[in-house]
file upload.txt (compact mmCIF, C-alpha atoms)
# COMPACT_ATOMS: atom_id res chain seq x y z
CA MET X 2 -100.25 -9.82 -104.20
CA ASN X 3 -103.97 -10.26 -104.59
CA ARG X 4 -103.69 -10.51 -108.34
CA ARG X 5 -101.04 -13.20 -107.99
CA LEU X 6 -103.31 -15.11 -105.63
CA ILE X 7 -106.18 -14.84 -108.08
CA PHE X 8 -104.06 -16.07 -110.99
CA LEU X 9 -102.71 -18.93 -108.94
CA SER X 10 -106.23 -19.90 -107.89
CA SER X 11 -107.57 -19.80 -111.43
CA ALA X 12 -104.63 -21.85 -112.65
CA THR X 13 -105.27 -24.42 -109.89
CA ILE X 14 -108.97 -24.73 -110.75
CA LEU X 15 -108.20 -25.08 -114.45
CA ALA X 16 -105.52 -27.66 -113.70
CA ILE X 17 -107.90 -29.66 -111.52
CA ALA X 18 -110.61 -29.51 -114.16
CA ALA X 19 -108.16 -30.61 -116.86
CA THR X 20 -106.85 -33.43 -114.68
CA GLY X 21 -110.40 -34.50 -114.00
CA THR X 22 -111.20 -34.62 -117.70
CA LEU X 23 -108.04 -36.59 -118.39
CA ALA X 24 -108.81 -38.95 -115.54
CA LYS X 25 -112.30 -39.49 -116.94
CA ILE X 26 -110.90 -40.27 -120.37
CA HIS X 27 -108.41 -42.65 -118.77
CA LEU X 28 -111.14 -44.36 -116.77
CA VAL X 29 -113.32 -44.78 -119.83
CA ASN X 30 -110.41 -46.25 -121.80
CA ALA X 31 -109.45 -48.50 -118.91
CA SER X 32 -112.98 -49.75 -118.56
CA ARG X 33 -113.02 -50.70 -122.22
CA VAL X 34 -110.17 -53.15 -121.80
CA SER X 35 -110.69 -54.42 -118.28
CA THR X 36 -112.48 -57.64 -117.60
CA VAL X 37 -112.69 -58.59 -113.97
CA SER X 38 -110.71 -56.70 -111.39
CA SER X 39 -108.78 -58.80 -108.95
CA ALA X 40 -108.07 -55.95 -106.58
CA PRO X 41 -109.51 -56.71 -103.18
CA SER X 42 -111.36 -54.01 -101.38
CA SER X 43 -110.23 -53.20 -97.89
CA SER X 44 -113.62 -51.90 -96.91
CA GLY X 45 -115.20 -55.25 -97.20
CA SER X 46 -117.48 -54.73 -100.11
CA SER X 47 -116.20 -56.29 -103.27
CA THR X 48 -116.24 -55.04 -106.77
CA VAL X 49 -116.35 -56.49 -110.23
CA SER X 50 -114.93 -54.08 -112.70
CA SER X 51 -116.26 -54.52 -116.20
CA PRO X 52 -117.22 -52.27 -119.04
CA GLU X 53 -120.76 -52.25 -117.74
CA ALA X 54 -119.63 -51.56 -114.22
CA ASN X 55 -119.20 -47.86 -114.77
CA ILE X 56 -122.48 -47.45 -116.56
CA ALA X 57 -125.09 -48.14 -114.00
CA ALA X 58 -124.34 -49.47 -110.62
CA ALA X 59 -127.92 -49.31 -110.64
CA SER X 60 -130.21 -47.30 -112.58
CA THR X 61 -133.79 -48.37 -112.68
CA ILE X 62 -133.87 -51.95 -113.71
CA PRO X 63 -136.76 -52.79 -115.98
CA VAL X 64 -138.66 -55.82 -114.94
CA THR X 65 -139.87 -57.35 -118.11
CA GLY X 66 -140.42 -60.95 -117.25
CA PRO X 67 -143.88 -62.39 -117.19
CA VAL X 68 -145.35 -63.27 -113.86
CA ALA X 69 -145.46 -67.00 -113.77
CA ALA X 70 -148.14 -69.02 -112.14
CA ALA X 71 -147.11 -69.38 -108.57
CA PRO X 72 -146.03 -72.85 -107.59
CA PRO X 73 -147.32 -74.35 -104.38
CA ALA X 74 -146.75 -71.95 -101.52
CA GLN X 75 -143.50 -72.26 -99.69
CA LYS X 76 -143.38 -72.14 -95.96
CA SER X 77 -142.32 -68.78 -94.72
CA THR X 78 -140.01 -68.96 -91.80
CA ALA X 79 -136.47 -68.06 -91.01
CA ASN X 80 -136.03 -71.01 -88.78
CA ALA X 81 -134.37 -73.69 -90.82
CA ALA X 82 -135.23 -76.35 -88.32
CA SER X 83 -138.92 -75.80 -88.90
CA ARG X 84 -138.58 -76.30 -92.62
CA PRO X 85 -139.22 -79.77 -93.95
CA ALA X 86 -136.09 -81.39 -95.22
CA LYS X 87 -136.22 -81.75 -98.96
CA SER X 88 -134.92 -84.66 -100.85
CA ALA X 89 -131.64 -84.21 -102.59
CA SER X 90 -132.48 -84.71 -106.19
CA SER X 91 -130.03 -84.08 -108.94
CA SER X 92 -130.33 -82.18 -112.19
CA SER X 93 -134.11 -81.91 -112.07
CA ALA X 94 -133.70 -79.77 -108.96
CA ALA X 95 -131.32 -77.56 -110.84
CA GLN X 96 -133.94 -76.87 -113.48
CA ALA X 97 -136.78 -76.09 -111.08
CA THR X 98 -136.59 -72.33 -110.96
CA ILE X 99 -139.59 -70.09 -110.57
CA THR X 100 -140.60 -66.56 -111.46
CA VAL X 101 -142.16 -64.25 -108.89
CA ASP X 102 -143.39 -60.77 -109.75
CA GLY X 103 -141.29 -60.76 -112.87
CA VAL X 104 -138.15 -61.82 -111.05
CA LYS X 105 -137.02 -64.79 -113.07
CA ASP X 106 -134.99 -67.90 -112.37
CA ILE X 107 -135.47 -68.01 -108.63
CA ASP X 108 -134.26 -71.17 -106.95
CA PRO X 109 -137.18 -71.76 -104.56
CA GLU X 110 -134.83 -73.43 -102.09
CA LYS X 111 -132.94 -70.15 -101.70
CA ALA X 112 -136.00 -67.93 -101.51
CA PHE X 113 -138.21 -67.40 -98.48
CA GLY X 114 -141.51 -65.81 -97.68
CA ASN X 115 -144.84 -65.42 -99.35
CA LYS X 116 -144.74 -65.29 -103.13
CA ASN X 117 -147.67 -62.89 -103.04
CA ALA X 118 -145.79 -60.44 -100.85
CA ALA X 119 -145.82 -56.79 -101.89
CA VAL X 120 -142.06 -56.70 -102.26
CA VAL X 121 -139.49 -59.10 -103.69
CA MET X 122 -136.01 -58.48 -102.33
CA GLU X 123 -133.11 -59.99 -104.24
CA THR X 124 -129.72 -60.03 -102.52
CA PHE X 125 -126.56 -60.81 -104.45
CA THR X 126 -123.87 -61.90 -102.02
CA ASP X 127 -120.48 -63.54 -101.91
CA PHE X 128 -119.75 -65.70 -98.88
CA GLN X 129 -116.19 -64.41 -98.60
CA CYS X 130 -117.09 -60.73 -98.74
CA PRO X 131 -117.00 -59.00 -95.32
CA ALA X 132 -119.71 -56.48 -96.21
CA CYS X 133 -121.95 -59.39 -97.21
CA LYS X 134 -121.35 -60.92 -93.81
CA GLN X 135 -122.27 -57.63 -92.18
CA LEU X 136 -125.40 -57.33 -94.32
CA TYR X 137 -126.45 -60.93 -93.68
CA THR X 138 -125.82 -61.04 -89.95
CA THR X 139 -127.50 -57.73 -89.21
CA THR X 140 -129.84 -56.39 -91.85
CA VAL X 141 -131.02 -59.55 -93.65
CA GLN X 142 -131.66 -61.40 -90.40
CA ARG X 143 -133.85 -58.58 -89.12
CA VAL X 144 -135.63 -58.19 -92.45
CA THR X 145 -136.34 -61.92 -92.35
CA ASP X 146 -137.72 -61.71 -88.84
CA ASN X 147 -139.85 -58.61 -89.39
CA TYR X 148 -140.86 -58.68 -93.03
CA VAL X 149 -140.34 -62.14 -94.51
CA ASP X 150 -141.90 -64.04 -91.65
CA THR X 151 -144.85 -61.67 -91.69
CA ASN X 152 -145.42 -62.26 -95.42
CA LYS X 153 -144.59 -58.69 -96.38
CA VAL X 154 -141.40 -59.45 -98.28
CA TYR X 155 -140.30 -62.38 -100.42
CA ILE X 156 -136.52 -62.63 -100.16
CA VAL X 157 -134.33 -64.25 -102.78
CA HIS X 158 -130.74 -65.16 -101.96
CA ARG X 159 -128.60 -65.01 -105.08
CA ASP X 160 -125.05 -66.32 -105.16
CA PHE X 161 -122.55 -64.00 -106.73
CA PRO X 162 -119.13 -65.53 -105.99
CA LEU X 163 -116.40 -63.20 -107.14
CA PRO X 164 -113.32 -64.64 -108.86
CA MET X 165 -111.02 -62.70 -106.54
CA HIS X 166 -112.20 -64.79 -103.59
CA ALA X 167 -110.60 -68.22 -103.56
CA TYR X 168 -113.25 -70.06 -101.57
CA SER X 169 -116.46 -68.19 -102.25
CA ARG X 170 -117.51 -70.49 -105.10
CA ILE X 171 -117.12 -73.66 -103.05
CA ALA X 172 -118.92 -71.95 -100.16
CA ALA X 173 -121.75 -71.13 -102.54
CA SER X 174 -121.84 -74.78 -103.64
CA TYR X 175 -122.17 -76.03 -100.07
CA SER X 176 -124.77 -73.40 -99.27
CA ARG X 177 -126.80 -74.31 -102.34
CA ALA X 178 -126.60 -78.00 -101.55
CA ALA X 179 -127.65 -77.35 -97.97
CA ALA X 180 -130.58 -75.29 -99.23
CA HIS X 181 -131.73 -78.26 -101.26
CA ILE X 182 -131.97 -80.41 -98.15
CA GLY X 183 -133.77 -77.62 -96.25
CA LYS X 184 -130.78 -76.38 -94.27
CA CYS X 185 -130.11 -73.11 -96.03
CA ASP X 186 -130.20 -70.81 -93.02
CA VAL X 187 -128.10 -73.04 -90.81
CA VAL X 188 -125.32 -73.28 -93.35
CA GLU X 189 -125.46 -69.65 -94.51
CA GLN X 190 -125.25 -68.54 -90.91
CA ALA X 191 -122.33 -70.88 -90.20
CA LEU X 192 -120.47 -69.73 -93.30
CA PHE X 193 -120.92 -66.04 -92.65
CA GLN X 194 -120.24 -66.19 -88.93
CA ASN X 195 -117.06 -68.21 -89.39
CA GLN X 196 -115.95 -66.34 -92.49
CA GLU X 197 -112.62 -65.21 -91.04
CA LYS X 198 -111.72 -68.78 -90.11
CA TRP X 199 -112.44 -70.63 -93.35
CA GLU X 200 -111.15 -67.89 -95.59
CA MET X 201 -107.78 -68.33 -93.88
CA ASN X 202 -107.53 -72.10 -94.18
CA GLY X 203 -110.07 -72.85 -96.89
CA ASP X 204 -111.91 -75.33 -94.69
CA VAL X 205 -115.39 -74.65 -96.02
CA LYS X 206 -116.34 -78.29 -95.74
CA GLY X 207 -115.36 -78.41 -92.07
CA THR X 208 -117.37 -75.30 -91.32
CA VAL X 209 -120.45 -76.75 -92.98
CA ALA X 210 -119.96 -80.14 -91.35
CA ALA X 211 -119.84 -78.50 -87.93
CA ALA X 212 -123.25 -76.97 -88.54
CA LEU X 213 -124.99 -80.11 -89.82
CA SER X 214 -125.66 -83.58 -88.60
CA ALA X 215 -123.59 -86.37 -90.13
CA ALA X 216 -126.53 -87.61 -92.19
CA ASP X 217 -127.27 -84.16 -93.57
CA MET X 218 -123.63 -83.54 -94.29
CA LYS X 219 -123.52 -86.76 -96.29
CA LYS X 220 -126.42 -85.57 -98.44
CA VAL X 221 -124.87 -82.15 -98.88
CA GLN X 222 -121.51 -83.64 -99.82
CA ALA X 223 -123.17 -85.90 -102.37
CA LEU X 224 -124.88 -82.91 -103.97
CA VAL X 225 -121.68 -80.88 -104.02
CA ASP X 226 -119.71 -83.78 -105.50
CA SER X 227 -122.32 -84.38 -108.19
CA GLY X 228 -122.14 -80.77 -109.33
CA ALA X 229 -125.86 -80.93 -110.08
CA LEU X 230 -126.57 -77.56 -108.52
CA GLU X 231 -123.71 -75.67 -110.11
CA PRO X 232 -125.91 -74.45 -113.00
CA LEU X 233 -128.09 -72.64 -110.46
CA ILE X 234 -125.09 -70.74 -109.10
CA ASP X 235 -123.98 -69.96 -112.64
CA ARG X 236 -127.47 -68.75 -113.45
CA ASP X 237 -127.51 -66.43 -110.42
CA LYS X 238 -124.20 -65.04 -111.52
CA GLN X 239 -125.42 -64.51 -115.08
CA ILE X 240 -128.49 -62.73 -113.79
CA GLY X 241 -126.29 -60.47 -111.68
CA GLN X 242 -123.96 -59.72 -114.55
CA ALA X 243 -126.90 -58.87 -116.79
CA ILE X 244 -128.30 -56.29 -114.34
CA PRO X 245 -125.31 -55.46 -113.95
CA VAL X 246 -124.32 -56.17 -110.37
CA ASN X 247 -120.81 -54.84 -110.08
CA GLN X 248 -120.15 -55.34 -106.42
CA THR X 249 -121.34 -57.37 -103.50
CA PRO X 250 -123.56 -57.04 -101.63
CA THR X 251 -126.14 -55.65 -104.00
CA THR X 252 -129.80 -55.76 -103.10
CA ILE X 253 -132.55 -55.12 -105.59
CA ILE X 254 -135.99 -54.37 -104.28
CA HIS X 255 -138.83 -55.11 -106.69
CA THR X 256 -142.37 -53.91 -106.17
CA ARG X 257 -145.55 -55.33 -107.64
CA ASP X 258 -145.99 -52.31 -109.91
CA GLY X 259 -142.80 -53.24 -111.75
CA GLN X 260 -140.47 -50.74 -110.16
CA SER X 261 -137.02 -51.87 -109.04
CA TYR X 262 -134.79 -50.11 -106.54
CA PRO X 263 -131.16 -51.14 -106.41
CA VAL X 264 -129.30 -50.81 -103.11
CA VAL X 265 -125.56 -51.09 -103.46
CA GLY X 266 -123.31 -52.09 -100.59
CA TYR X 267 -124.08 -52.56 -96.95
CA VAL X 268 -127.14 -50.83 -95.60
CA SER X 269 -128.34 -50.71 -92.02
CA TYR X 270 -131.68 -52.21 -91.10
CA ASP X 271 -133.16 -49.01 -89.66
CA VAL X 272 -132.62 -47.12 -92.89
CA LEU X 273 -133.80 -49.97 -95.11
CA LYS X 274 -136.87 -50.29 -92.91
CA THR X 275 -138.09 -46.81 -93.85
CA LEU X 276 -138.09 -47.80 -97.51
CA LEU X 277 -139.67 -51.21 -96.94
CA ASP X 278 -142.41 -49.72 -94.77
CA GLN X 279 -143.45 -47.43 -97.62
CA LEU X 280 -143.30 -50.16 -100.22
CA VAL X 281 -145.29 -52.77 -98.33
CA LYS X 282 -148.15 -50.38 -97.59
CA MET A 21 -123.60 6.34 -112.91
CA GLN A 22 -120.46 4.36 -113.54
CA SER A 23 -120.14 0.62 -114.15
CA ALA A 24 -118.21 -1.64 -111.81
CA PRO A 25 -114.57 -1.95 -112.86
CA PHE A 26 -113.32 -5.29 -114.15
CA ASN A 27 -112.27 -7.27 -111.13
CA TYR A 28 -111.06 -10.88 -110.91
CA ARG A 29 -112.57 -11.25 -107.47
CA ARG A 30 -115.99 -10.24 -108.71
CA LEU A 31 -115.58 -12.61 -111.63
CA PHE A 32 -114.91 -15.48 -109.21
CA ILE A 33 -117.84 -14.51 -107.04
CA TRP A 34 -120.18 -14.48 -110.04
CA LEU A 35 -118.77 -17.71 -111.41
CA GLY A 36 -119.05 -19.38 -108.01
CA ARG A 37 -122.60 -18.17 -107.48
CA ILE A 38 -123.81 -19.38 -110.86
CA VAL A 39 -121.96 -22.70 -110.94
CA ILE A 40 -122.57 -23.70 -107.33
CA ALA A 41 -126.18 -22.53 -107.37
CA ALA A 42 -126.83 -24.53 -110.54
CA VAL A 43 -125.17 -27.62 -109.08
CA PHE A 44 -127.04 -27.33 -105.78
CA ILE A 45 -130.46 -26.73 -107.33
CA PHE A 46 -129.97 -29.57 -109.82
CA ALA A 47 -128.72 -31.94 -107.11
CA GLY A 48 -131.60 -31.12 -104.75
CA LEU A 49 -134.24 -31.55 -107.43
CA ALA A 50 -132.65 -34.77 -108.70
CA LYS A 51 -132.86 -36.26 -105.22
CA LEU A 52 -136.49 -35.33 -104.77
CA ILE A 53 -137.83 -35.97 -108.25
CA ARG A 54 -135.62 -38.92 -109.37
CA TRP A 55 -136.09 -38.30 -113.06
CA ASP A 56 -133.66 -41.16 -113.71
CA MET A 57 -136.37 -43.59 -112.63
CA HIS A 58 -139.42 -44.65 -114.60
CA PRO A 59 -142.00 -44.41 -113.22
CA ARG A 60 -140.81 -41.68 -110.87
CA PRO A 61 -141.15 -42.71 -107.24
CA PRO A 62 -143.05 -40.55 -104.75
CA ILE A 63 -140.94 -38.09 -102.78
CA GLY A 64 -141.09 -40.27 -99.66
CA ILE A 65 -139.54 -43.21 -101.46
CA ALA A 66 -137.03 -40.97 -103.22
CA THR A 67 -135.98 -39.67 -99.81
CA SER A 68 -135.61 -43.22 -98.48
CA LEU A 69 -133.49 -44.17 -101.47
CA PHE A 70 -131.29 -41.15 -100.82
CA ALA A 71 -131.04 -42.22 -97.17
CA LEU A 72 -129.73 -45.60 -98.33
CA GLN A 73 -127.05 -43.83 -100.34
CA ILE A 74 -126.02 -41.71 -97.35
CA ASP A 75 -126.02 -44.80 -95.17
CA SER A 76 -123.61 -46.57 -97.48
CA TYR A 77 -120.93 -44.04 -96.47
CA GLN A 78 -121.15 -45.58 -92.97
CA MET A 79 -120.41 -42.26 -91.28
CA LEU A 80 -123.63 -41.46 -89.47
CA ARG A 81 -126.07 -43.19 -87.19
CA PRO A 82 -129.40 -44.23 -88.74
CA TRP A 83 -131.41 -41.37 -87.17
CA ALA A 84 -128.91 -38.83 -88.49
CA VAL A 85 -128.97 -40.48 -91.92
CA LEU A 86 -132.75 -40.23 -92.05
CA GLN A 87 -132.79 -36.60 -90.95
CA LEU A 88 -130.09 -35.66 -93.42
CA ALA A 89 -131.92 -37.43 -96.23
CA ARG A 90 -135.09 -35.58 -95.31
CA TRP A 91 -133.61 -32.08 -95.17
CA LEU A 92 -130.57 -32.00 -97.41
CA PRO A 93 -132.33 -31.90 -100.82
CA SER A 94 -134.57 -28.98 -99.77
CA ALA A 95 -131.61 -27.22 -98.16
CA GLU A 96 -129.60 -27.60 -101.36
CA ILE A 97 -132.38 -26.03 -103.42
CA GLY A 98 -132.90 -23.22 -100.89
CA VAL A 99 -129.24 -22.33 -100.53
CA GLY A 100 -128.78 -22.54 -104.29
CA LEU A 101 -131.59 -20.03 -104.83
CA LEU A 102 -130.20 -17.71 -102.16
CA LEU A 103 -126.79 -17.80 -103.82
CA LEU A 104 -128.37 -16.87 -107.13
CA ILE A 105 -130.29 -14.00 -105.56
CA GLY A 106 -127.15 -12.80 -103.82
CA TRP A 107 -128.88 -11.68 -100.65
CA ARG A 108 -126.58 -11.93 -97.60
CA LEU A 109 -124.01 -13.50 -99.84
CA ARG A 110 -121.33 -13.84 -97.19
CA ILE A 111 -123.59 -15.89 -94.93
CA TRP A 112 -124.84 -18.24 -97.63
CA SER A 113 -121.51 -18.61 -99.35
CA THR A 114 -119.97 -19.59 -96.02
CA LEU A 115 -122.74 -22.11 -95.46
CA VAL A 116 -122.33 -23.51 -98.97
CA THR A 117 -118.59 -23.83 -98.43
CA LEU A 118 -119.16 -25.75 -95.23
CA ILE A 119 -121.66 -28.05 -96.94
CA ILE A 120 -119.39 -28.72 -99.90
CA GLY A 121 -116.49 -29.19 -97.47
CA GLY A 122 -118.55 -31.84 -95.71
CA PHE A 123 -119.29 -33.58 -99.02
CA PHE A 124 -115.63 -33.43 -99.94
CA VAL A 125 -114.52 -34.97 -96.65
CA ALA A 126 -117.10 -37.77 -97.02
CA VAL A 127 -116.08 -38.50 -100.59
CA VAL A 128 -112.34 -38.46 -99.83
CA ARG A 129 -112.89 -40.74 -96.84
CA ALA A 130 -114.95 -43.21 -98.87
CA TYR A 131 -112.39 -43.14 -101.67
CA THR A 132 -109.41 -43.69 -99.42
CA LEU A 133 -111.21 -46.49 -97.56
CA HIS A 134 -112.02 -48.09 -100.95
CA LEU A 135 -115.71 -48.10 -100.12
CA ASP A 136 -117.32 -49.40 -103.29
CA ILE A 137 -120.41 -47.26 -103.05
CA ASN A 138 -122.45 -44.91 -105.12
CA CYS A 139 -121.70 -41.24 -104.71
CA GLY A 140 -125.32 -40.25 -104.24
CA CYS A 141 -124.37 -36.71 -105.26
CA PHE A 142 -127.07 -36.37 -107.90
CA ALA A 143 -129.28 -39.24 -106.71
CA LYS A 144 -128.63 -41.24 -109.87
CA PRO A 145 -126.43 -44.24 -109.07
CA GLU A 146 -122.91 -43.19 -109.88
CA PRO A 147 -119.89 -45.12 -108.64
CA LEU A 148 -117.61 -43.08 -106.43
CA THR A 149 -114.31 -42.74 -108.30
CA GLY A 150 -111.28 -40.48 -108.41
CA MET A 151 -113.24 -38.33 -110.80
CA THR A 152 -115.85 -37.73 -108.10
CA VAL A 153 -113.11 -36.65 -105.69
CA LEU A 154 -111.66 -34.25 -108.27
CA ARG A 155 -115.07 -32.83 -109.08
CA ASP A 156 -115.94 -32.24 -105.44
CA GLY A 157 -112.46 -30.85 -104.80
CA SER A 158 -112.85 -28.33 -107.62
CA LEU A 159 -116.26 -27.28 -106.34
CA PHE A 160 -114.89 -26.92 -102.83
CA LEU A 161 -112.01 -24.75 -104.05
CA LEU A 162 -114.43 -22.61 -106.03
CA ALA A 163 -116.67 -22.23 -102.98
CA VAL A 164 -113.73 -21.24 -100.76
CA LEU A 165 -112.54 -18.64 -103.25
CA MET A 166 -116.04 -17.29 -103.70
CA THR A 167 -116.45 -16.90 -99.96
CA VAL A 168 -113.02 -15.33 -99.37
CA PHE A 169 -113.54 -12.88 -102.21
CA ALA A 170 -117.06 -12.09 -101.05
CA PHE A 171 -115.66 -11.07 -97.67
CA GLN A 172 -112.84 -9.06 -99.26
CA GLU A 173 -115.19 -7.25 -101.60
CA ALA A 174 -117.56 -6.46 -98.79
CA ARG A 175 -114.89 -4.37 -97.08
CA LYS A 176 -114.75 -2.01 -100.01
CA PRO A 177 -117.59 0.32 -100.95
CA HIS A 178 -119.38 -0.78 -104.09
CA PRO A 179 -118.48 1.49 -106.99
CA TRP A 180 -122.16 2.05 -107.75
CA SER A 181 -122.91 3.12 -104.21
CA ALA A 182 -119.71 5.10 -103.58
CA PRO A 183 -120.31 8.81 -103.04
CA ALA A 184 -119.55 10.99 -106.03
CA PRO A 185 -116.34 13.02 -105.72
CA ALA A 186 -116.95 16.50 -104.39
CA GLN A 187 -117.18 19.17 -107.09
CA PRO A 188 -114.81 22.10 -106.59
CA SER A 189 -116.83 25.17 -105.85
call {"tool": "encode", "arguments": {"input": "upload.txt", "output": "structure tokens"}}
result
Amino acid sequence: MNRRLIFLSSATILAIAATGTLAKIHLVNASRVSTVSSAPSSSGSSTVSSPEANIAAASTIPVTGPVAAAPPAQKSTANAASRPAKSASSSSAAQATITVDGVKDIDPEKAFGNKNAAVVMETFTDFQCPACKQLYTTTVQRVTDNYVDTNKVYIVHRDFPLPMHAYSRIAASYSRAAAHIGKCDVVEQALFQNQEKWEMNGDVKGTVAAALSAADMKKVQALVDSGALEPLIDRDKQIGQAIPVNQTPTTIIHTRDGQSYPVVGYVSYDVLKTLLDQLVK
Amino acid sequence: MQSAPFNYRRLFIWLGRIVIAAVFIFAGLAKLIRWDMHPRPPIGIATSLFALQIDSYQMLRPWAVLQLARWLPSAEIGVGLLLLIGWRLRIWSTLVTLIIGGFFVAVVRAYTLHLDINCGCFAKPEPLTGMTVLRDGSLFLLAVLMTVFAFQEARKPHPWSAPAPAQPS
């Protein structure tokens, strides 16, 4: 009886190991031919499946870019109302990206805090991704209040609209346009907090309009219609794909000594705080 | 002195001890040392990074995540060494089985909920896939068998320590 049990157990372990090996081979082969997965994720976080996706959801990311001369300091505050409204220029605005601590191609209108902060925190989000909403409305808001506003962290909002989400690209366009008239926070907050509504009916424009004054909405609409800021969204996406970001939200924390720490998926503020506290020392 | 007879149960116990101890010691060191990163972060930062990985499972409250991140890597190394030594095997193999069972439950839950997270098993970012579930399942089965057989073998006297048969006078 015992011997039979032992044989059965060994056979089961061998079978599991063999299945595992076969599954690995299958996954590797599948990853070679897949491009972008359109399977939605019920958990909320969203995934891009690509050949690179299986390689490194995030190994150490070398920061090789030169540190550019810092442009004039940007006001550090989470309160959009306190930010001066910026004129809605066209393609010249799209070209005006900056580099901070080796983090390249930052749209200064979507980045907040002190450029000389000890930590640069890059967040890749998709407006239609529930985990991004959770990250934005809880963790990012508190990080902004406690670290960005106190000049400890420079936060960069990167757009990473996933093809599987029908309205995330247009939401990113409105958000980017709003950022270029100094209303980034107001519109990002409106889009994330009303995510369930506009993802059902696609009324991104209505959601943004409800958060802005008529005059501001006119400026935002003009920017969206001109398409002048689309290259910035494309650039964010290219940067994400090069890392590679393979799901949203993904946060990459860069320190001044050139180290980068990727954080994949939603993370609670209290846990992130322990890391930030050590890095900003 | 006679050698121990060939016994499948002993084979499983040895296999389990070596494999699981190696996996545990490697996993614990990987979490503390982070040799996948250049330059290597200090242990405090490595622990915080591991806490972020635990947190992504969304199973525990932040204080529990932080405590687990602080103690789990050292516990893995300690239990792995104790398994290798073989002292109080039944106690440590039971503990290891419970730990691996916990990992297995967490991984299966994350997989079935389609949580797109990193496993965090060996600190290095590694997407949680069906392969991870199979790997943890195999380890769990091995740990269960090792523990069951360790208890069964303990009931019998060890052949090396068994009293010699009485010589006819």
call {"tool": "interface_residues", "arguments": {"input": "upload.txt", "of": "chain A", "to": "chain X", "cutoff": "8 Å", "atoms": "all atoms listed in the file", "output": "number ranges by chain"}}
result
A: 28-29, 56-59, 64-65, 68-69, 71-73, 75-76, 82, 85-86, 133-138, 144-147, 150-151, 154-155, 158, 161-162, 165
call {"tool": "residues_near_point", "arguments": {"input": "upload.txt", "point": "(-138.2, -31.0, -99.8)", "cutoff": "10 Å", "atoms": "all atoms listed in the file", "output": "PyMOL selection string"}}
result
chain A and resi 48-49+51-53+63-64+67+89-98
call {"tool": "residues_around", "arguments": {"input": "upload.txt", "residues": "Phe171 (chain A)", "least_positions_apart": "3", "cutoff": "10 Å", "atoms": "only C-alpha atoms", "output": "number ranges by chain"}}
result
A: 109-111, 113-114, 165-168, 174-176
call {"tool": "residues_around", "arguments": {"input": "upload.txt", "residues": "Gln239 (chain X)", "least_positions_apart": "3", "cutoff": "12 Å", "atoms": "only C-alpha atoms", "output": "PyMOL selection string"}}
result
chain X and resi 105-106+125+159-162+232-236+242-247
call {"tool": "atom_distance", "arguments": {"input": "upload.txt", "atom1": "CA of Phe113 (chain X)", "atom2": "CA of Thr256 (chain X)"}}
result
16.1 Å
call {"tool": "closest_residue", "arguments": {"input": "upload.txt", "among": "A:Met79, A:Thr149, A:Ala126, A:Leu159", "to": "Ala41 (chain A)", "atoms": "all atoms listed in the file"}}
result
A:Leu159
call {"tool": "closest_residue", "arguments": {"input": "upload.txt", "among": "X:Thr151, X:Thr139, X:Thr145, X:Gln222", "to": "Ala172 (chain X)", "atoms": "all atoms listed in the file"}}
result
X:Gln222
call {"tool": "closest_residue", "arguments": {"input": "upload.txt", "among": "A:Ala143, A:Ala163, A:Val99, A:Val116", "to": "Ile45 (chain A)", "atoms": "only C-alpha atoms"}}
result
A:Val99
call {"tool": "atom_distance", "arguments": {"input": "upload.txt", "atom1": "CA of Gln87 (chain A)", "atom2": "CA of Ala47 (chain A)"}}
result
17.3 Å
call {"tool": "atom_distance", "arguments": {"input": "upload.txt", "atom1": "CA of Thr152 (chain A)", "atom2": "CA of Thr124 (chain X)"}}
result
26.8 Å
call {"tool": "residues_near_point", "arguments": {"input": "upload.txt", "point": "(-113.1, -33.0, -101.0)", "cutoff": "7 Å", "atoms": "all atoms listed in the file", "output": "VMD selection string"}}
result
chain A and resid 121 123 to 125 127 to 128 153 156 to 157 160
